[in-house]
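Colleague: Dropping in structure.csv, with CSV, C-alpha atoms.
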chain,number,residue,atom,x,y,z
A,1,MET,CA,148.3,74.8,47.3
A,2,TRP,CA,145.4,76.4,49.2
A,3,HIS,CA,145.5,76.0,53.1
A,4,LYS,CA,142.6,76.6,55.4
A,5,GLY,CA,143.2,78.5,58.7
A,6,PHE,CA,144.1,81.9,60.1
A,7,THR,CA,147.3,83.8,60.0
A,8,LEU,CA,149.1,84.9,63.2
A,9,VAL,CA,148.2,88.6,62.5
A,10,GLU,CA,144.5,87.8,62.1
A,11,LEU,CA,144.5,85.9,65.4
A,12,MET,CA,146.3,88.8,67.2
A,13,VAL,CA,143.8,91.3,65.9
A,14,VAL,CA,140.8,89.2,67.1
A,15,ILE,CA,142.5,88.6,70.6
A,16,SER,CA,143.1,92.4,70.9
A,17,ILE,CA,139.5,93.3,70.1
A,18,LEU,CA,138.2,90.7,72.6
A,19,SER,CA,140.5,92.0,75.3
A,20,LEU,CA,139.3,95.6,74.8
A,21,LEU,CA,135.7,94.5,74.9
A,22,GLY,CA,136.4,92.5,78.1
A,23,LEU,CA,138.1,95.5,79.7
A,24,VAL,CA,135.2,97.9,78.9
A,25,SER,CA,132.6,95.4,80.1
A,26,TYR,CA,134.5,94.8,83.4
A,27,ALA,CA,134.7,98.6,84.1
A,28,ASN,CA,131.0,99.1,83.4
A,29,ILE,CA,130.0,96.1,85.6
A,30,ARG,CA,132.2,97.3,88.5
A,31,LYS,CA,130.7,100.8,88.3
A,32,PHE,CA,127.2,99.4,88.2
A,33,ARG,CA,127.8,97.1,91.2
A,34,GLU,CA,129.3,100.0,93.2
A,35,GLY,CA,126.2,102.1,92.5
A,36,GLN,CA,124.0,99.3,93.8
A,37,VAL,CA,125.4,99.6,97.4
A,38,ILE,CA,123.5,102.8,98.1
A,39,GLU,CA,120.3,101.4,96.4
A,40,LYS,CA,120.5,98.3,98.7
A,41,SER,CA,121.1,100.4,101.8
A,42,ALA,CA,118.1,102.6,101.0
A,43,SER,CA,116.0,99.5,100.4
A,44,ASP,CA,117.1,98.0,103.7
A,45,LEU,CA,116.2,101.1,105.6
A,46,GLN,CA,112.8,101.2,103.9
A,47,SER,CA,112.2,97.6,104.9
A,48,LEU,CA,113.1,98.3,108.5
A,49,LEU,CA,110.7,101.2,108.6
A,50,ARG,CA,108.0,99.1,107.1
A,51,LEU,CA,108.6,96.3,109.5
A,52,ALA,CA,108.2,98.7,112.5
A,53,GLN,CA,105.0,100.0,110.9
A,54,SER,CA,103.7,96.5,110.2
A,55,ASN,CA,104.5,95.3,113.8
A,56,ALA,CA,102.7,98.2,115.3
A,57,THR,CA,99.6,97.8,113.0
A,58,ALA,CA,99.5,94.0,113.7
A,59,ARG,CA,99.8,94.7,117.5
A,60,LEU,CA,102.8,92.3,117.6
A,61,LYS,CA,103.8,91.5,121.1
A,62,CYS,CA,106.9,93.3,122.6
A,63,ASN,CA,108.5,91.3,125.4
A,64,GLY,CA,105.3,89.3,125.8
A,65,GLN,CA,103.0,92.4,126.0
A,66,PHE,CA,100.4,93.7,123.6
A,67,GLY,CA,100.0,97.4,122.7
A,68,ALA,CA,103.6,98.1,121.9
A,69,THR,CA,104.9,101.2,120.2
A,70,TRP,CA,107.4,100.2,117.5
A,71,LEU,CA,110.1,102.6,116.5
A,72,VAL,CA,113.2,103.0,114.3
A,73,GLU,CA,116.0,104.8,116.2
A,74,PHE,CA,118.9,106.5,114.4
A,75,ALA,CA,121.5,106.0,117.0
A,76,ASN,CA,124.3,107.3,114.9
A,77,ARG,CA,125.3,107.8,111.3
A,78,GLN,CA,125.8,104.0,110.7
A,79,THR,CA,123.6,102.3,113.2
A,80,ILE,CA,119.8,102.1,113.0
A,81,ASN,CA,117.8,100.1,115.6
A,82,LEU,CA,114.3,98.6,115.4
A,83,LYS,CA,112.9,98.9,119.0
A,84,CYS,CA,109.7,98.4,120.8
A,85,TYR,CA,108.3,99.3,124.2
A,86,VAL,CA,105.1,99.1,126.2
A,87,ASN,CA,105.9,100.4,129.7
A,88,GLY,CA,109.5,101.1,130.5
A,89,PRO,CA,112.6,101.3,128.3
A,90,ALA,CA,112.6,100.3,124.7
A,91,SER,CA,114.2,97.0,123.8
A,92,THR,CA,116.2,96.5,120.6
A,93,GLN,CA,114.7,93.8,118.3
A,94,GLN,CA,116.9,94.3,115.2
A,95,THR,CA,119.8,96.4,114.1
A,96,LEU,CA,120.7,97.7,110.6
A,97,SER,CA,124.4,98.6,110.4
A,98,PHE,CA,126.3,100.3,107.6
A,99,SER,CA,129.6,99.8,109.3
A,100,GLY,CA,132.2,98.3,106.9
A,101,THR,CA,130.6,100.2,104.0
A,102,ASN,CA,130.9,103.8,102.8
A,103,ILE,CA,127.2,104.5,103.6
A,104,GLN,CA,126.1,106.8,106.3
A,105,VAL,CA,123.0,108.7,107.4
A,106,ASN,CA,123.8,112.1,106.0
A,107,ILE,CA,120.9,114.2,107.3
A,108,ILE,CA,117.4,113.8,108.5
A,109,GLN,CA,115.0,116.5,107.4
A,110,GLY,CA,111.4,117.4,108.2
A,111,ARG,CA,109.1,118.4,105.4
A,112,GLN,CA,106.1,120.8,105.9
A,113,GLY,CA,104.2,120.9,102.7
A,114,ILE,CA,106.7,122.2,100.1
A,115,SER,CA,109.2,123.6,102.6
A,116,THR,CA,112.1,121.5,104.0
A,117,CYS,CA,114.0,122.1,107.2
A,118,ASP,CA,117.0,120.2,108.7
A,119,SER,CA,117.0,118.5,112.0
A,120,SER,CA,119.8,118.8,114.4
A,121,PHE,CA,121.0,115.3,113.9
A,122,THR,CA,124.4,114.9,115.4
A,123,PRO,CA,125.5,111.3,116.1
A,124,SER,CA,126.0,110.8,119.8
A,125,VAL,CA,124.9,108.6,122.6
A,126,THR,CA,122.7,111.3,124.0
A,127,ASN,CA,121.0,112.5,120.8
A,128,THR,CA,118.8,110.0,118.9
A,129,ILE,CA,116.1,110.6,116.4
A,130,GLU,CA,113.2,108.2,116.2
A,131,ILE,CA,110.3,107.5,113.9
A,132,ARG,CA,107.6,105.9,116.0
A,133,PHE,CA,104.6,103.9,115.0
A,134,ALA,CA,101.7,103.8,117.4
A,135,PRO,CA,99.9,100.5,118.1
A,136,LEU,CA,97.0,99.3,116.0
A,137,TYR,CA,96.8,102.3,113.6
A,138,GLY,CA,100.5,102.6,112.9
A,139,THR,CA,100.3,106.4,113.3
A,140,VAL,CA,103.7,108.0,112.6
A,141,MET,CA,105.4,110.3,115.0
A,142,PHE,CA,108.8,111.9,114.7
A,143,TYR,CA,110.9,112.3,117.8
A,144,ASP,CA,114.2,114.0,118.6
A,145,SER,CA,115.7,113.3,122.1
A,146,VAL,CA,117.5,116.7,122.3
A,147,GLU,CA,115.5,119.3,120.5
A,148,ILE,CA,111.8,118.9,121.2
A,149,ASN,CA,110.7,121.9,119.2
A,150,ASN,CA,112.8,121.4,116.1
A,151,CYS,CA,111.3,121.2,112.6
A,152,LEU,CA,111.2,117.4,112.6
A,153,THR,CA,108.9,117.2,115.7
A,154,ARG,CA,106.5,120.1,114.9
A,155,SER,CA,102.9,119.1,114.4
A,156,THR,CA,102.9,120.6,110.9
A,157,THR,CA,105.7,118.3,109.8
A,158,THR,CA,104.2,115.8,107.4
A,159,GLU,CA,107.3,113.8,106.3
A,160,ALA,CA,110.7,112.8,107.6
A,161,VAL,CA,113.3,112.6,104.9
A,162,ILE,CA,116.4,110.4,105.7
A,163,THR,CA,119.2,111.0,103.3
A,164,LEU,CA,121.8,108.3,103.0
A,165,ARG,CA,125.2,109.2,101.5
A,166,ASP,CA,127.9,107.1,99.9
A,167,THR,CA,131.0,108.9,101.2
A,168,GLN,CA,133.3,107.4,98.6
A,169,ARG,CA,131.3,108.2,95.5
A,170,ASN,CA,129.5,111.2,96.9
A,171,THR,CA,126.0,109.9,95.9
A,172,THR,CA,122.8,110.2,97.9
A,173,LYS,CA,119.5,108.4,98.2
A,174,ALA,CA,116.5,109.5,100.2
A,175,VAL,CA,114.0,107.5,102.2
A,176,VAL,CA,110.8,109.3,103.0
A,177,ALA,CA,108.4,108.4,105.9
A,178,LYS,CA,105.1,110.2,105.6
A,179,LYS,CA,102.7,110.7,108.5
A,180,GLY,CA,100.0,109.2,106.3
A,181,GLY,CA,101.9,105.9,106.4
A,182,ALA,CA,103.7,105.8,103.1
A,183,ILE,CA,107.4,104.9,103.2
A,184,ILE,CA,109.2,105.4,99.8
A,185,VAL,CA,112.6,105.6,98.3
A,186,GLU,CA,113.3,108.7,96.2
Re-express the file's structure as structure tokens.
Modeller:
Amino acid sequence: MWHKGFTLVELMVVISILSLLGLVSYANIRKFREGQVIEKSASDLQSLLRLAQSNATARLKCNGQFGATWLVEFANRQTINLKCYVNGPASTQQTLSFSGTNIQVNIIQGRQGISTCDSSFTPSVTNTIEIRFAPLYGTVMFYDSVEINNCLTRSTTTEAVITLRDTQRNTTKAVVAKKGGAIIVE
């Protein structure tokens, strides 16, 4: 007599193969998702820089006044503030925080043509680095509150390169703000 069906051995082989496929898929998906954290952080920083540039170009009001300068302030390695000012102190409009993640601002560099130099970025309350966008034209200016004559603030500096680092996976991603107005992720 002939019976239709599978033997126990055949079922165990199929279950084993499916388990292995599931395990490999899970590992690859997890690795992919972890890699997306730095990509998203770089994209968030790029968006914040573009928002500051857009607000300056559109002459968006700051505290009820026109003609505001919009800036992105790197307060420390995990806190980046969108600020604006007309006359007087700058007021914070939005904050991008990497706290609770393994992402931090690793270094901020100035590029002068093909040469690159490091800024003296040390996270502290007294030392902040800013990328400022002037009203109407959105002209880009780089500012360091401590070292006025460092490579980032020289008139020959054409780009600011902000490198984000994932401290757990030791991967980096750079966001570049060019004096011509382009803001790109490398």
Colleague: Considering all atoms listed in the file, can you say which of A:Val140, A:Leu60, A:Ile131, A:Leu45 comes closest to Phe98 (chain A)?
Modeller: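 Once distances to Phe98 (chain A) are computed over all atoms listed in the file, the minimum belongs to A:Leu45.
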Colleague: What is the distance, in Å and to one decimal place, between CA of Phe6 (chain A) and CA of Gly22 (chain A)?
Modeller: 22.3 Å
Colleague: Give the answer as one residue: which of A:Ile107, A:Leu51, A:Val9, A:Ile15 has the shortest atom-to-atom distance to Asn76 (chain A), using all atoms listed in the file?
Modeller: A:Ile107
Colleague: Hey, can you check how far CA of Ala52 (chain A) sits from CA of Ile183 (chain A)?
Modeller: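 Computing it gives 11.2 Å between the two atoms.
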Colleague: Could you tell me how far CA of Ala177 (chain A) lies from CA of Lys61 (chain A), in Å and to one decimal?
Modeller: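 Here the two named atoms are 23.2 Å from each other.
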Colleague: So which one's closest to Asn87 (chain A), A:Gln36, A:Cys62, A:Lys4, A:Thr101? Using all atoms listed in the file, please.
Modeller: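 Closest candidate: A:Cys62.
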Colleague: When you count only C-alpha atoms, which of these residues is closest to Asp166 (chain A): A:Asn106, A:Ser145, A:Thr79, A:Thr95?
Modeller: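 Smallest distance to Asp166 (chain A) is found for A:Asn106.
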Colleague: When you count only C-alpha atoms, which of these residues is closest to Gly64 (chain A): A:Ala174, A:Leu48, A:Val86, A:Met12?
Modeller: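 Smallest separation from Gly64 (chain A) among the options: A:Val86.
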Colleague: For Gly35 (chain A), find every residue with an atom within 12 Å (counting all atoms listed in the file), except residues of its own chain fewer than 6 positions away, and show them as an NGL selection string.
Modeller: :A and (28-29 or 41-42 or 102-103 or 165-166 or 168-173)
Colleague: Find the residues around Ser54 (chain A) up to 10 Å (only C-alpha atoms counted), leave out those fewer than 6 positions away in its own chain, and share them as number ranges by chain.
Modeller: A: 48, 60, 70, 133, 135-138
Colleague: Let me make sure I understand: among A:Ala75, A:Ala160, A:Ala56, A:Val105, which one has the smallest atom-to-atom distance to Thr128 (chain A) if we use all atoms listed in the file?
Modeller: A:Ala75
Colleague: List as number ranges by chain the protein and nucleic acid residues near Lys83 (chain A), meaning an atom at most 6 Å away when only C-alpha atoms are counted, but skip any in the same chain fewer than 3 places from it.
Modeller: A: 70-71, 90-93
